[in-house]
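Q: For reference, the structure I am asking about is given below.
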Amino acid sequence: MPTKANTNDRKIQEQRTIKRERRILQFLNGVRSAQQIVDGPPPIVRLHTEYRRRAHPDQHEARGAHLKSACLCELELAERIIAARYEISPVYGFTNIREVAKIKDVRVLLDSLGSMLSHATKGDWEGPYTIPGAYDRPVHAAVCRTGKVMFFGLPNGNNTWLWTPSPTGAGTFAAPANQPTDSLFCAGHSFLIDGRLLVVGGGGDGTGDRHNRGWIFDPSPGVETWTQTLGNGTPNDGDMSFYRWYPTLVTLGDSPGRILVVSGDQNTAPGEAEQMEIYMQNTDRFELVWGPGGPGDTSANHAFPQIYPGLHLLPGGEVFYAPTGWYAGGCAASAAYAAALPSGYFELQSTSVPASATWTDVDTDDAPAESALDRVMGMSVLLCQPTYPYVQAMIVGGGADPESTTTFQMINLSTMSPSWGPPVALPDGLSRVNVNLALLPDGTVFMSGGRQLSVSPPNGGTCWIYDPKATSWTEMDPVANARQYHSLTVLLPDARVATAGHECPDDNTIEIFSPPYLFKSDGSPATQPVITSAPALVHHGHEFDVETPDACAIDRVVLVRPAAVTHQTDSEQRVIHMNSKVTGSTTLRVEAPDGWHPHSLAPQGWYMLFLIDNAGVPSVAEFIELH
């Protein structure tokens with residue numbers, strides 16, 4: 001008798017076969033000439049983004065793509081396919097793969113197209129899965145060290161819940177042992193060094209009053225409870241000195257664990273809070289940040305005109321500002337918001353009380369690059385690589401349409417005088433507003449959602465993967481539902497990606513994407529490397545052993561910081577490569593990163609440890625604590 005698991009596997013495989021056939025039909029129905037069938041689906045688009053002062057970035061196909069050594073089929077067969085398509089329907093073309101299969105000598109072509117358009121090249125979405133009605137529609141998400149995902153958002157703001165993903169199906173949903181008494185809607189959040197999640201500010205929009213308090217969620221097995229930080233709501237008496245709605249939080253690299261709290265609209269005073277604060281984990285208090293002169297020196301204040309500014313901790317300890325964020329809530333399209341410029345970095349001279357810091361602006365190469373940096377309602381990510389350029393920031397979409405929404409920009413932060421490069425067109429040339437970016441274990445960037453409502457297709461639109469090493473984009477399977485305002489995307493411990501949320505109209509579903517690296521060339525599931533054991537605690541710069549039966553087949557070992565994302569803002573994401581060597585048939589010796597203080601490349605905390613084999617397939621992650 002078939003088991004439930006076998007039935008689910010069979011259904012998933014049937015769905016994947018249908019998707020592959022649909023892609024073949026879309027290709028055959030979309031070509032305008034027989035020669036396009038002979039040539040096959042278009043190659044990967046490669047974008048050369050190096051800056052040239054008297055020219056512009058090249059955009060051309062991958063090297064050698066135009067020098068194909070073999071055609072998919074003879075021109076005569078392609079012409080018969082075109083004729084059969086018009087005979088069936090001059091408007092709609094083929095409606096079923098069986099109609100194509102009837103054409104003489106077409107089988108080899110179908111097999112070739114099936115391979116080129118399989119899940120090994122496009123990936124695969126599962127779902128949408130409906131979230132039970134007892135839980136709020138997600139606006140915030142954080143991947144906890146237990147592998148569960150903490151969600152919260154609307155309509156109540158304090159109805160938090162945990163999702164446990166499943167290899168197949170929707171997974172399970174449960175509420176923690178208690179709930180915050182404040183609304184956490186439009187709060188900011190970041191992980192503490194012990195793996196607990198700090199959430200500050202938020203409220204408003206009918207979910208409860210805006211507030212200046214902090215809440216901490218402990219995801220430990222058997223605990224899963226919320227506690228309030230020290231303070232009674234009185235400004236600067238344990239709680240924050242400012243009410244902060246839409247703030248950004250950044251976990252710093254020093255000890256014993258501090259989190260920078262930036263921006264956010266105030267409760268009564270107009271505009272955002274310009275003075276920053278630091279949450280001190282050892283005292284459970286918030287302390288103001290001053291200029292080098294100490295208390296009273298407000299030179300470190302920064303007037304981010306937008307809320308949720310894009311901030312990232314750099315390996316040198318500076319906090320880099322990418323001008324994303326929000327100029328207003330709601331489902332309206334993006335718009336010019338040049339006041340968010342310029343970009344820059346924030347450098348802390350001292351994190352001891354009283355904390356002090358300075359601010360430095362960052363230039364661009366020219367006026368067009370500066371203009372295109374107007375990217376409010378876009379998203380930024382930090383890219384760390386083991387080879388030059390070691391650290392880059394990538395910023396996608398947002399801003400004025402089409403000047404910024406249809407492009408992305410890069411900045412090389414490995415130079416003494418970094419500057420933003422020119423805007424480069426996104427591969428499909430379509431606008432992305434409230435776009436989601438998720439870093440994958442192999443160092444690539446997964447882009448989904450963000451299609452403007454006025455131009456959205458019935459589904460959420462095509463997704464793409466950007467490879468910063470090859471500077472290339474690869475087209476992925478389209479997401480089923482629209483994912484824009486109040487949507488989010490996170491990397492799961494099993495190397496899949498989950499997306500959820502959306503407003504206008506409300507979307508109370510989750511979809512799960514399996515990237516191409518989880519499939520063999522024929523589209524069947526790849527065999528993932530296995531971690532049989534890894535230490536629960538490792539120290540910066542120290543070596544440690546990882547046991548795996550696949551030791552000799554492992555190409556890379558990486559740490560991935562779990563996501564804590566909302567409103568296309570996530571300062572936590574980073575993928576860190578580690579040196580490793582085979583020391584036994586089942587043993588890898590790995591060197592933990594960042595052996596120097598402060599630990600800003602890899603801040604203290606919990607990470608997902610992934611092994612990636614020679615075929616590029618990642619393992620299911622093991623959570624480890626880096627101390």
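Labeling convention for the structure tokens: chains A, B, ... as they appear, residues from 1 per chain, ligands from 1 in order of appearance.
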Write out as a ChimeraX atom specification the residues lying within 8 Å of A:Ser580, counting only C-alpha atoms and excluding same-chain residues fewer than 4 positions away.
A: /A:556-557,588-591
Q: Determine, for each residue of stretch 73-179 of chain A having at least one atom at most 10 Å from an atom of stretch 612-626 of chain A, the closest pair of atoms and their separation in Å to one decimal, counting only C-alpha atoms; order by chain and ascending number, as CSV.
A:
```
residue,atom,partner,partner_atom,distance
A:Cys144,CA,A:Phe623,CA,9.5
A:Arg145,CA,A:Phe623,CA,6.1
A:Thr146,CA,A:Phe623,CA,7.6
A:Gly147,CA,A:Phe623,CA,8.2
```
Q: Between A:Asn267, A:Ala300, A:Leu440, A:Thr569, which residue has the minimum interatomic distance to A:Phe610, considering only C-alpha atoms?
A: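 Ranked by minimum distance to A:Phe610, first place goes to A:Leu440.
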Q: I'd like the contact shell of A:Asp366 - 10 Å cut-off, only C-alpha atoms, skipping same-chain residues fewer than 6 positions apart - returned as a count of residues only.
A: 5
Q: Counting only C-alpha atoms, what is within 6 Å of stretch 244-254 of chain A, bar same-chain residues fewer than 5 positions away, as a list in words?
A: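 With the cut-off at 6 Å, the set is Cys186, Ala187, Gly188, His189, Ser190, Gly201, Gly202, Ile259, Leu260, Val261, Val262, Ser263, Gly264, Asp265, Gln266, Ile307, Tyr308, Ser571, Pro598, His599, Ser600 and Pro603 of chain A.
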Q: Calculated over only C-alpha atoms, which of the candidates A:Ile411, A:Leu518, A:Met416, A:Val490 has the smallest distance to A:Met150?
A: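 Between A:Ile411, A:Leu518, A:Met416, A:Val490, the residue approaching A:Met150 most closely is A:Val490.
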Q: Could you give me, as a list in words, the residues within 6 Å of A:Phe185, counting only C-alpha atoms and dropping anything in the same chain fewer than 6 positions from it?
A: Gly153, Gly157, Gly202 and Gly203 of chain A
Q: Quick one: everything within 12 Å of A:Pro256, counting only C-alpha atoms, minus sequence neighbours fewer than 6 positions away in the same chain. Send it as a list in words.
A: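 Contacts, in chain order: Leu192, Ile193, Asp194, Tyr279, Met280, Gln281, Asn282, Thr283, Asp284, Thr351, Ser352, Pro598, His599, Pro603, Gln604, Gly605 and His627 of chain A.
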Q: Would you mind exporting the chosen residues as an mmCIF file, in the first residue's frame, restricted to N, CA, C and O atoms?
A:
```
data_model
loop_
_atom_site.group_PDB
_atom_site.id
_atom_site.type_symbol
_atom_site.label_atom_id
_atom_site.label_comp_id
_atom_site.auth_asym_id
_atom_site.auth_seq_id
_atom_site.Cartn_x
_atom_site.Cartn_y
_atom_site.Cartn_z
ATOM 1 N N LEU A 192 20.433 38.484 18.227
ATOM 2 C CA LEU A 192 21.449 38.636 19.260
ATOM 3 C C LEU A 192 22.491 37.531 19.106
ATOM 4 O O LEU A 192 22.268 36.542 18.404
ATOM 5 N N ILE A 193 23.625 37.651 19.802
ATOM 6 C CA ILE A 193 24.706 36.686 19.624
ATOM 7 C C ILE A 193 24.356 35.305 20.169
ATOM 8 O O ILE A 193 24.988 34.318 19.796
ATOM 9 N N ASP A 194 23.336 35.202 21.014
ATOM 10 C CA ASP A 194 22.938 33.894 21.547
ATOM 11 C C ASP A 194 21.804 33.260 20.742
ATOM 12 O O ASP A 194 21.247 32.243 21.141
ATOM 13 N N TYR A 279 21.469 48.826 21.337
ATOM 14 C CA TYR A 279 20.992 47.908 22.365
ATOM 15 C C TYR A 279 22.188 47.151 22.917
ATOM 16 O O TYR A 279 22.953 46.541 22.171
ATOM 17 N N MET A 280 22.359 47.209 24.244
ATOM 18 C CA MET A 280 23.461 46.534 24.932
ATOM 19 C C MET A 280 22.936 45.220 25.514
ATOM 20 O O MET A 280 22.141 45.231 26.465
ATOM 21 N N GLN A 281 23.388 44.100 24.974
ATOM 22 C CA GLN A 281 22.855 42.817 25.415
ATOM 23 C C GLN A 281 23.219 42.508 26.865
ATOM 24 O O GLN A 281 22.439 41.900 27.591
ATOM 25 N N ASN A 282 24.398 42.958 27.316
ATOM 26 C CA ASN A 282 24.822 42.618 28.679
ATOM 27 C C ASN A 282 24.046 43.377 29.742
ATOM 28 O O ASN A 282 23.930 42.927 30.884
ATOM 29 N N THR A 283 23.468 44.542 29.384
ATOM 30 C CA THR A 283 22.690 45.304 30.371
ATOM 31 C C THR A 283 21.207 45.332 30.045
ATOM 32 O O THR A 283 20.411 45.809 30.859
ATOM 33 N N ASP A 284 20.840 44.850 28.847
ATOM 34 C CA ASP A 284 19.438 44.847 28.409
ATOM 35 C C ASP A 284 18.873 46.266 28.358
ATOM 36 O O ASP A 284 17.715 46.499 28.671
ATOM 37 N N THR A 351 31.760 51.702 21.238
ATOM 38 C CA THR A 351 30.432 51.173 21.528
ATOM 39 C C THR A 351 30.188 51.095 23.025
ATOM 40 O O THR A 351 29.116 50.698 23.459
ATOM 41 N N SER A 352 31.213 51.470 23.808
ATOM 42 C CA SER A 352 31.001 51.558 25.250
ATOM 43 C C SER A 352 30.226 52.835 25.561
ATOM 44 O O SER A 352 30.294 53.817 24.820
ATOM 45 N N PRO A 598 37.416 43.649 15.586
ATOM 46 C CA PRO A 598 36.105 43.092 15.910
ATOM 47 C C PRO A 598 35.687 42.070 14.851
ATOM 48 O O PRO A 598 36.193 42.085 13.736
ATOM 49 N N HIS A 599 34.772 41.195 15.207
ATOM 50 C CA HIS A 599 34.341 40.126 14.302
ATOM 51 C C HIS A 599 33.222 40.640 13.395
ATOM 52 O O HIS A 599 32.057 40.276 13.546
ATOM 53 N N PRO A 603 29.846 38.256 12.451
ATOM 54 C CA PRO A 603 29.531 38.582 13.855
ATOM 55 C C PRO A 603 29.178 37.337 14.660
ATOM 56 O O PRO A 603 28.732 36.326 14.109
ATOM 57 N N GLN A 604 29.392 37.414 15.944
ATOM 58 C CA GLN A 604 29.008 36.304 16.810
ATOM 59 C C GLN A 604 27.530 35.975 16.607
ATOM 60 O O GLN A 604 26.712 36.848 16.346
ATOM 61 N N GLY A 605 27.223 34.700 16.763
ATOM 62 C CA GLY A 605 25.834 34.297 16.627
ATOM 63 C C GLY A 605 25.706 32.931 15.993
ATOM 64 O O GLY A 605 26.686 32.200 15.821
ATOM 65 N N HIS A 627 31.475 31.878 17.998
ATOM 66 C CA HIS A 627 31.731 32.687 19.199
ATOM 67 C C HIS A 627 33.169 33.177 19.202
ATOM 68 O O HIS A 627 34.064 32.441 18.794
#
```
Q: Set the distance at 10 Å and use only C-alpha atoms: which residues neighbour A:Asp182 once local chain neighbours fewer than 6 positions away are removed? I'd like the list as a PyMOL selection string.
A: chain A and resi 156-159+200-203+207-215+228
Q: By how many Å are atom CA of A:Ala101 and atom CA of A:Glu87 apart?
A: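 Atom CA of A:Ala101 sits 14.8 Å away from atom CA of A:Glu87.
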Q: Give me, as a PyMOL selection string, the residues of stretch 211-389 of chain A that a backbone DSSP run labels strand (DSSP E or B).
A: chain A and resi 214-218+225-228+235+239+245+248-251+258-262+265+272+277-280+285-290+307+310-313+319-322+326+343-350+355-364+379-384
Q: Report the closest atom pair, with its distance in Å rounded to one decimal, for each residue of stretch 335-446 of chain A that has an atom no farther than 12 Å from stretch 33-45 of chain A; count only C-alpha atoms, sort by chain and then rising residue number, and write it as a tab-separated table.
A:
```
residue	atom	partner	partner_atom	distance
A:Ala425	CA	A:Val45	CA	11.0
A:Leu426	CA	A:Val45	CA	9.9
A:Pro427	CA	A:Val45	CA	6.8
A:Asp428	CA	A:Val45	CA	9.6
A:Gly429	CA	A:Val45	CA	11.9
```
Q: Measure the distance from atom CA of A:Leu110 to atom CA of A:Lys122 in Å and round it to one decimal.
A: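 Atom-to-atom, atom CA of A:Leu110 to atom CA of A:Lys122, that is 16.6 Å.
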Q: Looking at A:Asn29, A:Gln275, A:Ser521, A:Ser220, which one is nearest to A:Thr298, with distances taken over only C-alpha atoms?
A: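 Selected residue with least distance to A:Thr298: A:Gln275.
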